[in-house]
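To be precise, the following lines are query.cif, and they hold mmCIF, C-alpha atoms and all ligand atoms.
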```
data_protein
loop_
_atom_site.label_atom_id
_atom_site.label_comp_id
_atom_site.auth_asym_id
_atom_site.auth_seq_id
_atom_site.Cartn_x
_atom_site.Cartn_y
_atom_site.Cartn_z
CA MET H 1 -54.00 -54.50 17.45
CA ASN H 2 -51.60 -51.58 17.29
CA LYS H 3 -51.01 -50.20 13.77
CA TYR H 4 -47.26 -50.51 14.07
CA GLN H 5 -47.48 -54.16 15.09
CA LYS H 6 -49.90 -54.95 12.27
CA THR H 7 -48.39 -53.07 9.35
CA GLU H 8 -44.66 -53.01 9.99
CA ASN H 9 -43.87 -55.93 12.19
CA PRO H 10 -45.89 -58.88 10.95
CA HIS H 11 -42.96 -61.25 10.55
CA LEU H 12 -41.49 -60.75 14.02
CA SER H 13 -42.42 -63.03 16.89
CA THR H 14 -44.35 -60.70 19.20
CA LYS H 15 -43.63 -62.80 22.26
CA SER H 16 -39.82 -62.77 21.94
CA VAL H 17 -37.90 -60.04 23.70
CA GLY H 18 -34.13 -59.71 23.58
CA LEU H 19 -32.01 -58.51 26.48
CA VAL H 20 -28.34 -57.60 26.39
CA GLY H 21 -26.66 -57.33 29.79
CA LEU H 22 -27.51 -59.61 32.69
CA GLY H 23 -26.39 -57.77 35.80
CA LEU H 24 -28.67 -56.59 38.59
CA MET H 25 -31.28 -55.02 36.32
CA GLY H 26 -30.95 -57.27 33.27
CA THR H 27 -31.75 -60.39 35.31
CA SER H 28 -34.57 -58.65 37.12
CA ILE H 29 -36.11 -57.48 33.82
CA ALA H 30 -35.74 -61.02 32.42
CA THR H 31 -37.66 -62.33 35.43
CA ASN H 32 -40.43 -59.79 34.87
CA LEU H 33 -40.73 -60.74 31.18
CA LEU H 34 -40.87 -64.45 32.00
CA LEU H 35 -43.57 -63.80 34.61
CA SER H 36 -45.52 -61.94 31.90
CA ASP H 37 -45.31 -65.00 29.60
CA TYR H 38 -42.79 -63.59 27.12
CA SER H 39 -39.87 -65.57 25.69
CA VAL H 40 -36.50 -64.05 26.47
CA LYS H 41 -33.37 -64.21 24.32
CA ALA H 42 -30.66 -63.01 26.67
CA ILE H 43 -27.16 -62.08 25.58
CA ALA H 44 -24.30 -62.18 28.08
CA PRO H 45 -21.76 -59.54 27.03
CA ILE H 46 -19.24 -60.65 29.68
CA PRO H 47 -18.44 -64.21 30.90
CA SER H 48 -19.53 -63.61 34.51
CA ASP H 49 -23.08 -62.88 33.29
CA PHE H 50 -23.17 -66.25 31.63
CA GLU H 51 -22.09 -67.99 34.83
CA THR H 52 -24.46 -66.24 37.23
CA ALA H 53 -27.55 -65.04 35.34
CA ARG H 54 -29.62 -68.24 35.26
CA THR H 55 -29.16 -68.86 39.00
CA GLN H 56 -30.05 -65.27 39.75
CA ILE H 57 -33.21 -65.42 37.61
CA GLU H 58 -34.22 -68.73 39.19
CA LYS H 59 -33.76 -67.17 42.65
CA GLN H 60 -35.94 -64.21 41.65
CA LEU H 61 -38.62 -66.54 40.27
CA PHE H 62 -38.71 -68.42 43.59
CA HIS H 63 -38.94 -65.11 45.37
CA SER H 64 -41.79 -64.11 43.03
CA GLU H 65 -43.50 -67.39 43.94
CA SER H 66 -43.38 -66.40 47.61
CA LEU H 67 -45.01 -63.10 46.56
CA GLY H 68 -47.84 -65.00 44.87
CA LEU H 69 -46.83 -63.87 41.34
CA LEU H 70 -46.53 -67.31 39.70
CA ASN H 71 -49.24 -69.28 37.95
CA LYS H 72 -47.08 -72.25 36.92
CA PRO H 73 -43.93 -73.96 38.30
CA VAL H 74 -40.60 -72.09 38.18
CA ALA H 75 -39.17 -74.71 35.78
CA GLU H 76 -41.86 -73.87 33.19
CA TYR H 77 -40.87 -70.19 33.19
CA LEU H 78 -37.19 -71.08 32.88
CA LYS H 79 -37.90 -72.99 29.66
CA GLU H 80 -38.68 -69.63 28.02
CA ILE H 81 -35.24 -68.08 28.47
CA LYS H 82 -32.18 -68.77 26.37
CA ILE H 83 -28.88 -67.27 27.51
CA SER H 84 -26.15 -67.01 24.92
CA TYR H 85 -23.07 -65.07 23.77
CA ASP H 86 -24.40 -65.10 20.21
CA TYR H 87 -26.20 -61.91 19.10
CA SER H 88 -27.81 -63.72 16.16
CA GLU H 89 -30.20 -65.26 18.72
CA LEU H 90 -31.92 -61.85 18.67
CA LYS H 91 -33.03 -62.06 15.05
CA ASP H 92 -36.74 -62.80 15.73
CA CYS H 93 -37.22 -60.41 18.63
CA PHE H 94 -39.68 -57.54 18.19
CA LEU H 95 -37.81 -55.67 20.92
CA VAL H 96 -34.25 -55.79 22.25
CA MET H 97 -33.36 -53.98 25.45
CA GLU H 98 -29.80 -53.04 26.32
CA CYS H 99 -29.03 -53.18 30.03
CA VAL H 100 -25.27 -52.86 30.41
CA ILE H 101 -23.19 -50.55 32.60
CA GLU H 102 -23.70 -46.80 32.34
CA ASP H 103 -20.91 -46.20 29.81
CA PHE H 104 -21.71 -44.39 26.57
CA ASP H 105 -19.13 -46.14 24.35
CA ILE H 106 -19.94 -49.63 25.65
CA LYS H 107 -23.64 -49.02 25.06
CA VAL H 108 -23.06 -47.77 21.50
CA ASP H 109 -20.88 -50.78 20.72
CA ILE H 110 -23.75 -53.02 21.90
CA TYR H 111 -26.25 -51.21 19.60
CA ASN H 112 -24.00 -51.84 16.62
CA LYS H 113 -23.94 -55.54 17.48
CA ILE H 114 -27.72 -55.63 17.96
CA GLU H 115 -28.46 -53.75 14.72
CA ALA H 116 -26.26 -56.15 12.77
CA CYS H 117 -28.61 -59.02 13.75
CA VAL H 118 -32.17 -57.78 14.20
CA ASP H 119 -34.88 -56.99 11.68
CA GLU H 120 -34.91 -53.34 10.62
CA HIS H 121 -38.34 -52.87 12.25
CA ALA H 122 -37.37 -54.30 15.62
CA ILE H 123 -37.40 -51.73 18.41
CA ILE H 124 -34.19 -51.19 20.38
CA GLY H 125 -34.39 -49.85 23.93
CA THR H 126 -31.95 -48.73 26.58
CA ASN H 127 -32.33 -48.86 30.33
CA THR H 128 -29.91 -45.98 30.83
CA SER H 129 -30.58 -44.01 34.02
CA ALA H 130 -29.17 -40.72 32.87
CA ILE H 131 -27.68 -40.64 29.35
CA PRO H 132 -29.89 -38.59 26.98
CA ILE H 133 -31.71 -40.86 24.53
CA SER H 134 -31.13 -38.36 21.69
CA SER H 135 -27.35 -38.61 22.07
CA LEU H 136 -27.29 -42.44 22.07
CA GLN H 137 -29.72 -42.50 19.17
CA GLU H 138 -27.28 -40.65 16.92
CA HIS H 139 -25.19 -43.81 16.72
CA LEU H 140 -27.89 -46.08 15.33
CA LYS H 141 -28.47 -46.91 11.70
CA TYR H 142 -32.24 -46.50 12.21
CA PRO H 143 -32.54 -43.96 15.06
CA ASP H 144 -36.35 -43.80 14.79
CA ARG H 145 -36.67 -47.26 16.37
CA PHE H 146 -34.63 -46.33 19.45
CA VAL H 147 -36.31 -45.55 22.82
CA GLY H 148 -35.44 -45.25 26.48
CA ILE H 149 -37.10 -47.92 28.63
CA HIS H 150 -36.35 -46.97 32.18
CA TRP H 151 -37.15 -49.66 34.76
CA ALA H 152 -37.00 -49.59 38.54
CA GLU H 153 -35.37 -52.29 40.59
CA PRO H 154 -36.57 -54.97 41.39
CA ALA H 155 -38.15 -54.92 37.92
CA TYR H 156 -40.35 -57.95 38.63
CA ALA H 157 -42.05 -56.31 41.63
CA THR H 158 -42.22 -52.61 40.74
CA ARG H 159 -44.88 -50.95 38.66
CA PHE H 160 -42.81 -48.03 37.42
CA LEU H 161 -41.67 -47.75 33.79
CA GLU H 162 -40.75 -44.67 31.76
CA ILE H 163 -40.76 -44.90 27.94
CA ILE H 164 -38.65 -42.02 26.64
CA CYS H 165 -38.55 -40.64 23.11
CA GLY H 166 -35.34 -39.17 21.78
CA GLU H 167 -35.54 -36.37 19.19
CA LYS H 168 -35.65 -38.92 16.35
CA THR H 169 -37.83 -41.59 17.94
CA ASP H 170 -40.95 -42.55 15.99
CA LEU H 171 -43.83 -41.75 18.35
CA GLU H 172 -45.86 -44.61 16.97
CA LYS H 173 -43.18 -47.10 17.99
CA ALA H 174 -42.95 -45.53 21.44
CA ASN H 175 -46.73 -45.77 21.74
CA PHE H 176 -46.62 -49.42 20.73
CA LEU H 177 -44.13 -50.06 23.56
CA PHE H 178 -46.24 -48.03 25.97
CA ASN H 179 -49.15 -50.39 25.32
CA THR H 180 -46.93 -53.47 25.38
CA ALA H 181 -45.55 -52.46 28.80
CA LYS H 182 -49.02 -52.77 30.29
CA SER H 183 -48.83 -56.50 29.55
CA TRP H 184 -45.67 -56.58 31.74
CA GLY H 185 -47.74 -55.46 34.73
CA LYS H 186 -46.38 -51.91 34.53
CA GLU H 187 -48.02 -48.52 34.90
CA PRO H 188 -45.95 -46.86 32.14
CA THR H 189 -45.41 -43.17 31.49
CA LEU H 190 -44.66 -41.99 27.95
CA LEU H 191 -42.17 -39.10 27.75
CA ARG H 192 -42.57 -37.51 24.33
CA LYS H 193 -39.64 -35.20 25.08
CA ASP H 194 -36.13 -36.32 26.05
CA ILE H 195 -36.22 -34.70 29.50
CA ARG H 196 -32.76 -34.76 31.11
CA GLY H 197 -32.98 -37.17 34.08
CA PHE H 198 -36.41 -38.33 32.81
CA ILE H 199 -39.29 -37.58 35.22
CA THR H 200 -38.99 -39.41 38.54
CA ASN H 201 -35.24 -39.07 38.91
CA ARG H 202 -35.40 -35.42 37.98
CA LEU H 203 -38.01 -34.73 40.66
CA MET H 204 -36.06 -36.76 43.20
CA TYR H 205 -32.79 -34.92 42.48
CA ALA H 206 -34.49 -31.78 43.80
CA VAL H 207 -35.48 -33.64 46.97
CA TYR H 208 -32.01 -35.18 47.40
CA ARG H 209 -30.37 -31.78 47.01
CA GLU H 210 -32.58 -30.25 49.67
CA GLY H 211 -32.11 -33.21 52.06
CA LEU H 212 -28.33 -33.19 51.64
CA ALA H 213 -28.21 -29.41 52.12
CA LEU H 214 -30.14 -29.69 55.41
CA GLU H 215 -27.73 -32.41 56.57
CA GLN H 216 -24.70 -30.42 55.43
CA ASP H 217 -25.88 -27.35 57.36
CA LYS H 218 -26.42 -29.55 60.45
CA LYS H 219 -30.09 -28.62 60.49
CA ALA H 220 -31.39 -32.20 60.34
CA SER H 221 -29.91 -35.67 60.64
CA ILE H 222 -30.03 -38.35 57.94
CA GLU H 223 -32.27 -40.43 60.23
CA ASP H 224 -34.75 -37.61 60.82
CA LEU H 225 -34.87 -36.66 57.15
CA ASP H 226 -35.71 -40.27 56.23
CA LYS H 227 -38.25 -40.52 59.04
CA CYS H 228 -40.12 -37.37 57.98
CA PHE H 229 -40.12 -38.41 54.34
CA ARG H 230 -41.38 -41.91 55.10
CA TYR H 231 -44.14 -41.01 57.52
CA ASP H 232 -45.37 -37.82 55.92
CA VAL H 233 -44.76 -38.01 52.15
CA GLY H 234 -45.05 -41.80 52.36
CA SER H 235 -48.59 -41.53 53.71
CA TRP H 236 -49.98 -39.77 50.61
CA ILE H 237 -47.62 -39.95 47.68
CA SER H 238 -48.73 -43.33 46.27
CA LEU H 239 -52.33 -42.19 46.33
CA MET H 240 -52.02 -38.61 45.08
CA GLY H 241 -48.71 -37.93 43.36
CA ILE H 242 -47.73 -34.25 43.60
CA PHE H 243 -50.48 -32.24 41.97
CA GLN H 244 -53.53 -34.09 43.21
CA ARG H 245 -51.97 -33.38 46.62
CA MET H 246 -51.93 -29.65 45.85
CA ASP H 247 -55.61 -29.77 44.96
CA TYR H 248 -56.33 -31.78 48.09
CA ILE H 249 -54.56 -29.27 50.37
CA GLY H 250 -55.98 -26.26 48.51
CA ILE H 251 -54.26 -24.19 45.82
CA ASP H 252 -54.59 -20.93 47.81
CA HIS H 253 -52.87 -22.46 50.83
CA PHE H 254 -50.21 -24.11 48.66
CA SER H 255 -49.30 -20.98 46.76
CA LYS H 256 -48.76 -19.08 50.04
CA MET H 257 -46.45 -21.87 51.26
CA LEU H 258 -44.50 -21.90 47.99
CA ASP H 259 -44.13 -18.14 48.02
CA LYS H 260 -42.65 -18.18 51.53
CA ASN H 261 -40.44 -21.25 51.09
CA LEU H 262 -38.97 -21.17 47.58
CA PRO H 263 -36.30 -18.57 48.54
CA ASN H 264 -35.08 -20.87 51.37
CA LEU H 265 -34.35 -23.86 49.17
CA SER H 266 -30.87 -24.97 48.21
CA ASN H 267 -29.58 -24.20 44.72
CA CYS H 268 -26.24 -25.93 45.29
CA GLU H 269 -24.69 -27.34 42.08
CA GLU H 270 -21.99 -29.55 43.58
CA ILE H 271 -21.95 -33.00 45.14
CA PRO H 272 -21.87 -32.38 48.93
CA PRO H 273 -18.88 -33.46 51.06
CA ILE H 274 -20.78 -36.30 52.75
CA MET H 275 -21.11 -38.07 49.36
CA ALA H 276 -17.50 -37.39 48.39
CA GLU H 277 -16.29 -38.86 51.72
CA LEU H 278 -18.34 -42.02 51.17
CA LEU H 279 -16.97 -42.42 47.64
CA GLU H 280 -13.44 -42.06 49.01
CA VAL H 281 -13.90 -45.17 51.21
CA LYS H 282 -15.70 -47.04 48.40
CA ALA H 283 -19.00 -47.12 50.31
CA ARG H 284 -21.71 -48.24 47.83
CA GLY H 285 -24.68 -48.58 50.16
CA ILE H 286 -26.23 -51.99 50.76
CA TYR H 287 -23.99 -53.54 48.05
CA SER H 288 -20.92 -52.96 50.23
CA GLN H 289 -22.94 -52.83 53.48
CA LYS H 290 -21.63 -49.32 53.99
CA GLY H 291 -23.35 -46.14 52.96
CA LEU H 292 -25.21 -43.33 54.69
CA TYR H 293 -26.12 -46.09 57.17
CA GLU H 294 -24.18 -49.22 58.24
CA TYR H 295 -25.61 -52.69 57.47
CA THR H 296 -24.72 -56.28 58.33
CA ALA H 297 -24.77 -58.74 55.39
CA GLU H 298 -28.06 -60.20 56.72
CA GLU H 299 -29.65 -56.77 57.05
CA ALA H 300 -28.63 -55.86 53.50
CA LYS H 301 -30.15 -59.08 52.10
CA HIS H 302 -33.29 -58.71 54.19
CA TRP H 303 -33.66 -55.10 53.05
CA GLU H 304 -33.55 -56.10 49.37
CA GLU H 305 -36.19 -58.81 49.91
CA SER H 306 -38.38 -56.53 52.03
CA PHE H 307 -38.36 -53.93 49.28
CA ALA H 308 -39.72 -56.41 46.72
CA GLU H 309 -42.39 -57.57 49.20
CA PHE H 310 -43.34 -54.01 50.07
CA ASN H 311 -43.71 -53.13 46.39
CA ASN H 312 -45.91 -56.12 45.85
CA GLU H 313 -48.19 -55.08 48.72
CA MET H 314 -48.22 -51.50 47.46
CA TYR H 315 -49.28 -52.80 44.05
CA HIS H 316 -52.40 -54.36 45.56
CA LEU H 317 -53.10 -51.42 47.85
CA ALA H 318 -52.84 -48.84 45.04
CA ASN H 319 -55.13 -51.01 42.88
CA LYS H 320 -57.85 -50.54 45.49
CA TYR H 321 -57.78 -46.75 44.91
CA PRO H 322 -57.66 -46.32 41.12
CA TYR H 323 -58.36 -42.58 40.96
CA GLU H 324 -57.54 -40.97 37.64
CA PHE H 325 -58.66 -37.39 37.09
CA LYS H 326 -58.30 -35.38 33.90
CA SER H 327 -55.78 -32.54 34.08
CA LYS H 328 -56.86 -29.06 32.97
CA ASN H 329 -53.45 -28.24 31.44
CA ASP H 330 -52.22 -31.16 29.37
CA ASN H 331 -49.43 -29.45 27.40
CA HIS H 332 -47.29 -32.55 27.28
CA GLY H 333 -45.49 -32.90 23.97
CA LYS H 334 -46.82 -29.67 22.48
N1 LIG Y 401 -29.54 -50.63 39.37
C1 LIG Y 401 -30.61 -49.86 39.24
O1 LIG Y 401 -31.39 -49.67 40.18
C2 LIG Y 401 -30.93 -49.23 37.91
C3 LIG Y 401 -32.17 -48.59 37.73
C4 LIG Y 401 -32.49 -48.04 36.47
C5 LIG Y 401 -31.57 -48.12 35.45
N2 LIG Y 401 -30.35 -48.73 35.66
C6 LIG Y 401 -29.43 -48.79 34.53
O2 LIG Y 401 -29.38 -50.12 34.03
C7 LIG Y 401 -28.10 -50.36 33.44
C8 LIG Y 401 -27.48 -51.59 34.08
O3 LIG Y 401 -27.34 -51.36 35.47
P1 LIG Y 401 -27.20 -52.55 36.53
O4 LIG Y 401 -27.61 -51.96 37.84
O5 LIG Y 401 -27.87 -53.78 36.04
O6 LIG Y 401 -25.63 -52.76 36.51
P2 LIG Y 401 -24.75 -54.05 36.91
O7 LIG Y 401 -23.44 -53.51 37.33
O8 LIG Y 401 -25.47 -54.94 37.85
O9 LIG Y 401 -24.60 -54.83 35.54
C9 LIG Y 401 -23.82 -54.30 34.53
C10 LIG Y 401 -23.83 -55.23 33.34
O10 LIG Y 401 -23.17 -54.53 32.30
C11 LIG Y 401 -22.56 -55.46 31.44
N3 LIG Y 401 -21.13 -55.11 31.29
C12 LIG Y 401 -20.24 -54.82 32.26
N4 LIG Y 401 -19.04 -54.53 31.72
C13 LIG Y 401 -19.20 -54.63 30.37
C14 LIG Y 401 -18.34 -54.44 29.26
N5 LIG Y 401 -17.08 -54.07 29.41
N6 LIG Y 401 -18.86 -54.65 28.01
C15 LIG Y 401 -20.15 -55.01 27.82
N7 LIG Y 401 -21.01 -55.19 28.86
C16 LIG Y 401 -20.55 -54.99 30.11
C17 LIG Y 401 -22.74 -56.83 32.05
O11 LIG Y 401 -23.89 -57.38 31.47
C18 LIG Y 401 -23.02 -56.53 33.50
O12 LIG Y 401 -23.72 -57.56 34.13
C19 LIG Y 401 -27.28 -49.09 33.62
O13 LIG Y 401 -27.38 -48.29 32.48
C20 LIG Y 401 -27.98 -48.42 34.80
O14 LIG Y 401 -27.78 -47.03 34.82
C21 LIG Y 401 -30.01 -49.30 36.85
#
```

For the file at hand, write its structure as structure tokens.
Amino acid sequence: MNKYQKTENPHLSTKSVGLVGLGLMGTSIATNLLLSDYSVKAIAPIPSDFETARTQIEKQLFHSESLGLLNKPVAEYLKEIKISYDYSELKDCFLVMECVIEDFDIKVDIYNKIEACVDEHAIIGTNTSAIPISSLQEHLKYPDRFVGIHWAEPAYATRFLEIICGEKTDLEKANFLFNTAKSWGKEPTLLRKDIRGFITNRLMYAVYREGLALEQDKKASIEDLDKCFRYDVGSWISLMGIFQRMDYIGIDHFSKMLDKNLPNLSNCEEIPPIMAELLEVKARGIYSQKGLYEYTAEEAKHWEESFAEFNNEMYHLANKYPYEFKSKNDNHGK
């Protein structure tokens, strides 16, 4: 048993997790926790959450059943979630995760409400996509128990999870969560430093910038950029990541390619016109069926379901190739 769990948290129920915010991600995280046999105390900060969350979670559990992820009936899982407006329901949780809209002040207000109810040793997490953990942490009474817990949608079918330390986060608590996340079926990464954008998003911003620059300069179409990425990068990335790929291709070859190509890459610092134009007409992507592509309502729904199914298949495929090599330069956190 983890030292933190044993010495500091003995009186907290280790199977109860609190969630505040039951939108797209909050419900999906709740489903993942239920599937992992945790009890969920869910707080609805706005009335519409209260009206829709249970139905949404039930729908996701049935979808998980079709993916082969259930080992008991849906109704049995649903017994383990309590949805309420009352923050005092969180009092026995060893962990409470905030999952409300990306608004600094609203998030901080939620932490004050959580801290007023939970045990002083309970861990508090945020699913923020982009707000630095260190800046949110400043507003907590006990900042050392605050961590970023960055999920990917749909949380019940993806393996990704980043655990992010802010400047004042207790590493032992973050490590405890890192180990706990494995019991949620995740392949977690522990970020000991509060990297702006975390890891995956930060890497992807570089790719998005380059793709948008090529489109902007009329050098490649959106369709062709997606096609190349899917059928080239998509054929190796889940097996190798970035750096195992470099070793696989050959460092000498790779360094020559980098040397020639780095000067050609975009260093644009502004959102390109194509995005601004879409924002102007309130295009949100599949949520409004209008984005960089056009979708019918059926296509948008099908796309969401296909993504969960694809992730589930990828999970099994990647499990068949569990290569883990030791890196020569592990400077992380030093
Ligand atoms: N959607 C994703 O793919 C994704 C991925 C990673 C992280 N995130 C992050 O997760 C968080 C939630 O995102 P989402 O996609 O679930 O959003 P969402 O719009 O589906 O849900 C937002 C939720 O915020 C809460 N909320 C809204 N207005 C509020 C208010 N005035 N006061 C208190 N609570 C309020 C409600 O619970 C609402 O359901 C955000 O911080 C987001 O950046 C989202």

(request) Kindly indicate which residue among H:Val17, H:Leu190, H:Ala155, H:Leu67 lies nearest to ligand LIG 401 (chain Y), using all atoms listed in the file for the distances. (result) H:Ala155

List the neighbours of Glu269 (chain H) out to 12 Å using all atoms listed in the file; skip same-chain residues closer than 6 positions along the sequence, and give me the result as a PDB file with C-alpha atoms, in the frame of the given file.
```pdb
ATOM      1  CA  TYR H 205     -32.790 -34.920  42.480  1.00  0.00           C
ATOM      2  CA  ALA H 206     -34.490 -31.780  43.800  1.00  0.00           C
ATOM      3  CA  TYR H 208     -32.010 -35.180  47.400  1.00  0.00           C
ATOM      4  CA  ARG H 209     -30.370 -31.780  47.010  1.00  0.00           C
ATOM      5  CA  GLU H 210     -32.580 -30.250  49.670  1.00  0.00           C
ATOM      6  CA  LEU H 212     -28.330 -33.190  51.640  1.00  0.00           C
ATOM      7  CA  ALA H 213     -28.210 -29.410  52.120  1.00  0.00           C
TER       8      ALA H 213
END
```

(request) Go through H:Leu95, H:Ile83, H:Ala130, H:Leu34 one by one, measure the shortest atom-to-atom distance of each to ligand LIG 401 (chain Y) using only C-alpha atoms and all ligand atoms, and give the residue with the smallest value. (result) H:Ala130

Build an axis-aligned box that encloses every atom of ligand LIG 401 (chain Y) listed in the file, pad it by 3 Å on each side, and report its centre and edge lengths in Å to one decimal, as JSON.
```
{"center_x": -24.8, "center_y": -52.3, "center_z": 34.0, "size_x": 21.4, "size_y": 16.5, "size_z": 18.4}
```

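If you look at CA of Ile110 (chain H) and CA of Lys282 (chain H), they are 28.3 Å away from each other.
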
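One distance worth recording is that between CA of Asp37 (chain H) and CA of His302 (chain H), which is 28.1 Å.
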
(message) Can you pull out every residue with an atom within 7 Å of ligand LIG 401 (chain Y)? Use only C-alpha atoms and all ligand atoms and format it as a PyMOL selection string.
(response) chain H and resi 20-26+44-46+49+99-102+106+127-130+150-153

(request) Please provide as number ranges by chain all residues within 12 Å of Lys290 (chain H), with the sequence filter that same-chain residues fewer than 3 positions apart are discarded (counting all atoms listed in the file). (result) H: 277-279, 281-287, 293-297, 299-300

So that I can check the surroundings of region 69-76 of chain H, please list as a compact mmCIF listing (two decimals) with C-alpha atoms, keeping the file's coordinate frame every protein, DNA and RNA residue that reaches within 12 Å of it, counting all atoms listed in the file and ignoring chain neighbours fewer than 2 positions away.
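Written output follows (selection-v4.txt):
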```
# COMPACT_ATOMS: atom_id res chain seq x y z
CA THR H 31 -37.66 -62.33 35.43
CA ASN H 32 -40.43 -59.79 34.87
CA LEU H 34 -40.87 -64.45 32.00
CA LEU H 35 -43.57 -63.80 34.61
CA SER H 36 -45.52 -61.94 31.90
CA ASP H 37 -45.31 -65.00 29.60
CA TYR H 38 -42.79 -63.59 27.12
CA SER H 39 -39.87 -65.57 25.69
CA ARG H 54 -29.62 -68.24 35.26
CA THR H 55 -29.16 -68.86 39.00
CA ILE H 57 -33.21 -65.42 37.61
CA GLU H 58 -34.22 -68.73 39.19
CA LYS H 59 -33.76 -67.17 42.65
CA GLN H 60 -35.94 -64.21 41.65
CA LEU H 61 -38.62 -66.54 40.27
CA PHE H 62 -38.71 -68.42 43.59
CA HIS H 63 -38.94 -65.11 45.37
CA SER H 64 -41.79 -64.11 43.03
CA GLU H 65 -43.50 -67.39 43.94
CA SER H 66 -43.38 -66.40 47.61
CA LEU H 67 -45.01 -63.10 46.56
CA LEU H 78 -37.19 -71.08 32.88
CA LYS H 79 -37.90 -72.99 29.66
CA GLU H 80 -38.68 -69.63 28.02
CA ILE H 81 -35.24 -68.08 28.47
CA TYR H 156 -40.35 -57.95 38.63
CA ALA H 157 -42.05 -56.31 41.63
CA GLY H 185 -47.74 -55.46 34.73
CA ALA H 308 -39.72 -56.41 46.72
CA GLU H 309 -42.39 -57.57 49.20
CA ASN H 312 -45.91 -56.12 45.85
CA GLU H 313 -48.19 -55.08 48.72
CA TYR H 315 -49.28 -52.80 44.05
CA HIS H 316 -52.40 -54.36 45.56
```

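Pairwise distance (CA of Gln137 (chain H), CA of Phe50 (chain H)) equals 27.6 Å.
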
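For the choices H:Lys218, H:Ala318, H:Asn264, H:Leu177, the atom-to-atom distance to Trp236 (chain H) is smallest for H:Ala318 when using only C-alpha atoms.
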
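Closest approach to Met314 (chain H) among H:Arg230, H:Lys168, H:Lys186, H:Arg159 is made by H:Arg159 (distances from only C-alpha atoms).
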
(message) I want to know what sits within 12 Å of Asp224 (chain H), based on all atoms listed in the file, with residues of the same chain fewer than 5 positions away left out; could you give that as a PyMOL selection string?
(response) chain H and resi 211+214-215+218-219+229-232

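Among the candidates H:Trp303, H:Tyr77, H:Phe104, H:Phe146, the one nearest to Glu167 (chain H) when counting only C-alpha atoms is H:Phe146.
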
Using the block above, I'd like region 54-82 of chain H written out, keeping C-alpha atoms and formatting it as a PDB file, in the first residue's frame.
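Just written: part-v2.pdb:
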```
ATOM      1  CA  ARG H  54     -27.813  10.187 -14.933  1.00  0.00           C
ATOM      2  CA  THR H  55     -29.309   9.523 -18.385  1.00  0.00           C
ATOM      3  CA  GLN H  56     -26.028  10.398 -20.034  1.00  0.00           C
ATOM      4  CA  ILE H  57     -24.047   8.086 -17.721  1.00  0.00           C
ATOM      5  CA  GLU H  58     -26.554   5.277 -18.266  1.00  0.00           C
ATOM      6  CA  LYS H  59     -26.202   5.743 -22.038  1.00  0.00           C
ATOM      7  CA  GLN H  60     -22.410   5.565 -21.743  1.00  0.00           C
ATOM      8  CA  LEU H  61     -22.631   2.423 -19.602  1.00  0.00           C
ATOM      9  CA  PHE H  62     -24.787   0.745 -22.266  1.00  0.00           C
ATOM     10  CA  HIS H  63     -22.293   1.844 -24.868  1.00  0.00           C
ATOM     11  CA  SER H  64     -19.493   0.395 -22.710  1.00  0.00           C
ATOM     12  CA  GLU H  65     -21.468  -2.858 -22.564  1.00  0.00           C
ATOM     13  CA  SER H  66     -21.444  -3.004 -26.359  1.00  0.00           C
ATOM     14  CA  LEU H  67     -17.652  -2.531 -26.158  1.00  0.00           C
ATOM     15  CA  GLY H  68     -17.379  -5.520 -23.819  1.00  0.00           C
ATOM     16  CA  LEU H  69     -16.283  -3.401 -20.813  1.00  0.00           C
ATOM     17  CA  LEU H  70     -18.948  -4.517 -18.316  1.00  0.00           C
ATOM     18  CA  ASN H  71     -18.786  -7.436 -15.913  1.00  0.00           C
ATOM     19  CA  LYS H  72     -22.168  -6.874 -14.257  1.00  0.00           C
ATOM     20  CA  PRO H  73     -25.521  -5.344 -15.323  1.00  0.00           C
ATOM     21  CA  VAL H  74     -25.734  -1.577 -15.938  1.00  0.00           C
ATOM     22  CA  ALA H  75     -28.169  -1.189 -13.014  1.00  0.00           C
ATOM     23  CA  GLU H  76     -25.528  -2.523 -10.583  1.00  0.00           C
ATOM     24  CA  TYR H  77     -23.028   0.141 -11.662  1.00  0.00           C
ATOM     25  CA  LEU H  78     -25.652   2.866 -11.368  1.00  0.00           C
ATOM     26  CA  LYS H  79     -26.214   1.971  -7.703  1.00  0.00           C
ATOM     27  CA  GLU H  80     -22.701   3.307  -7.006  1.00  0.00           C
ATOM     28  CA  ILE H  81     -23.342   6.888  -8.084  1.00  0.00           C
ATOM     29  CA  LYS H  82     -25.117   9.553  -6.093  1.00  0.00           C
TER      30      LYS H  82
END
```
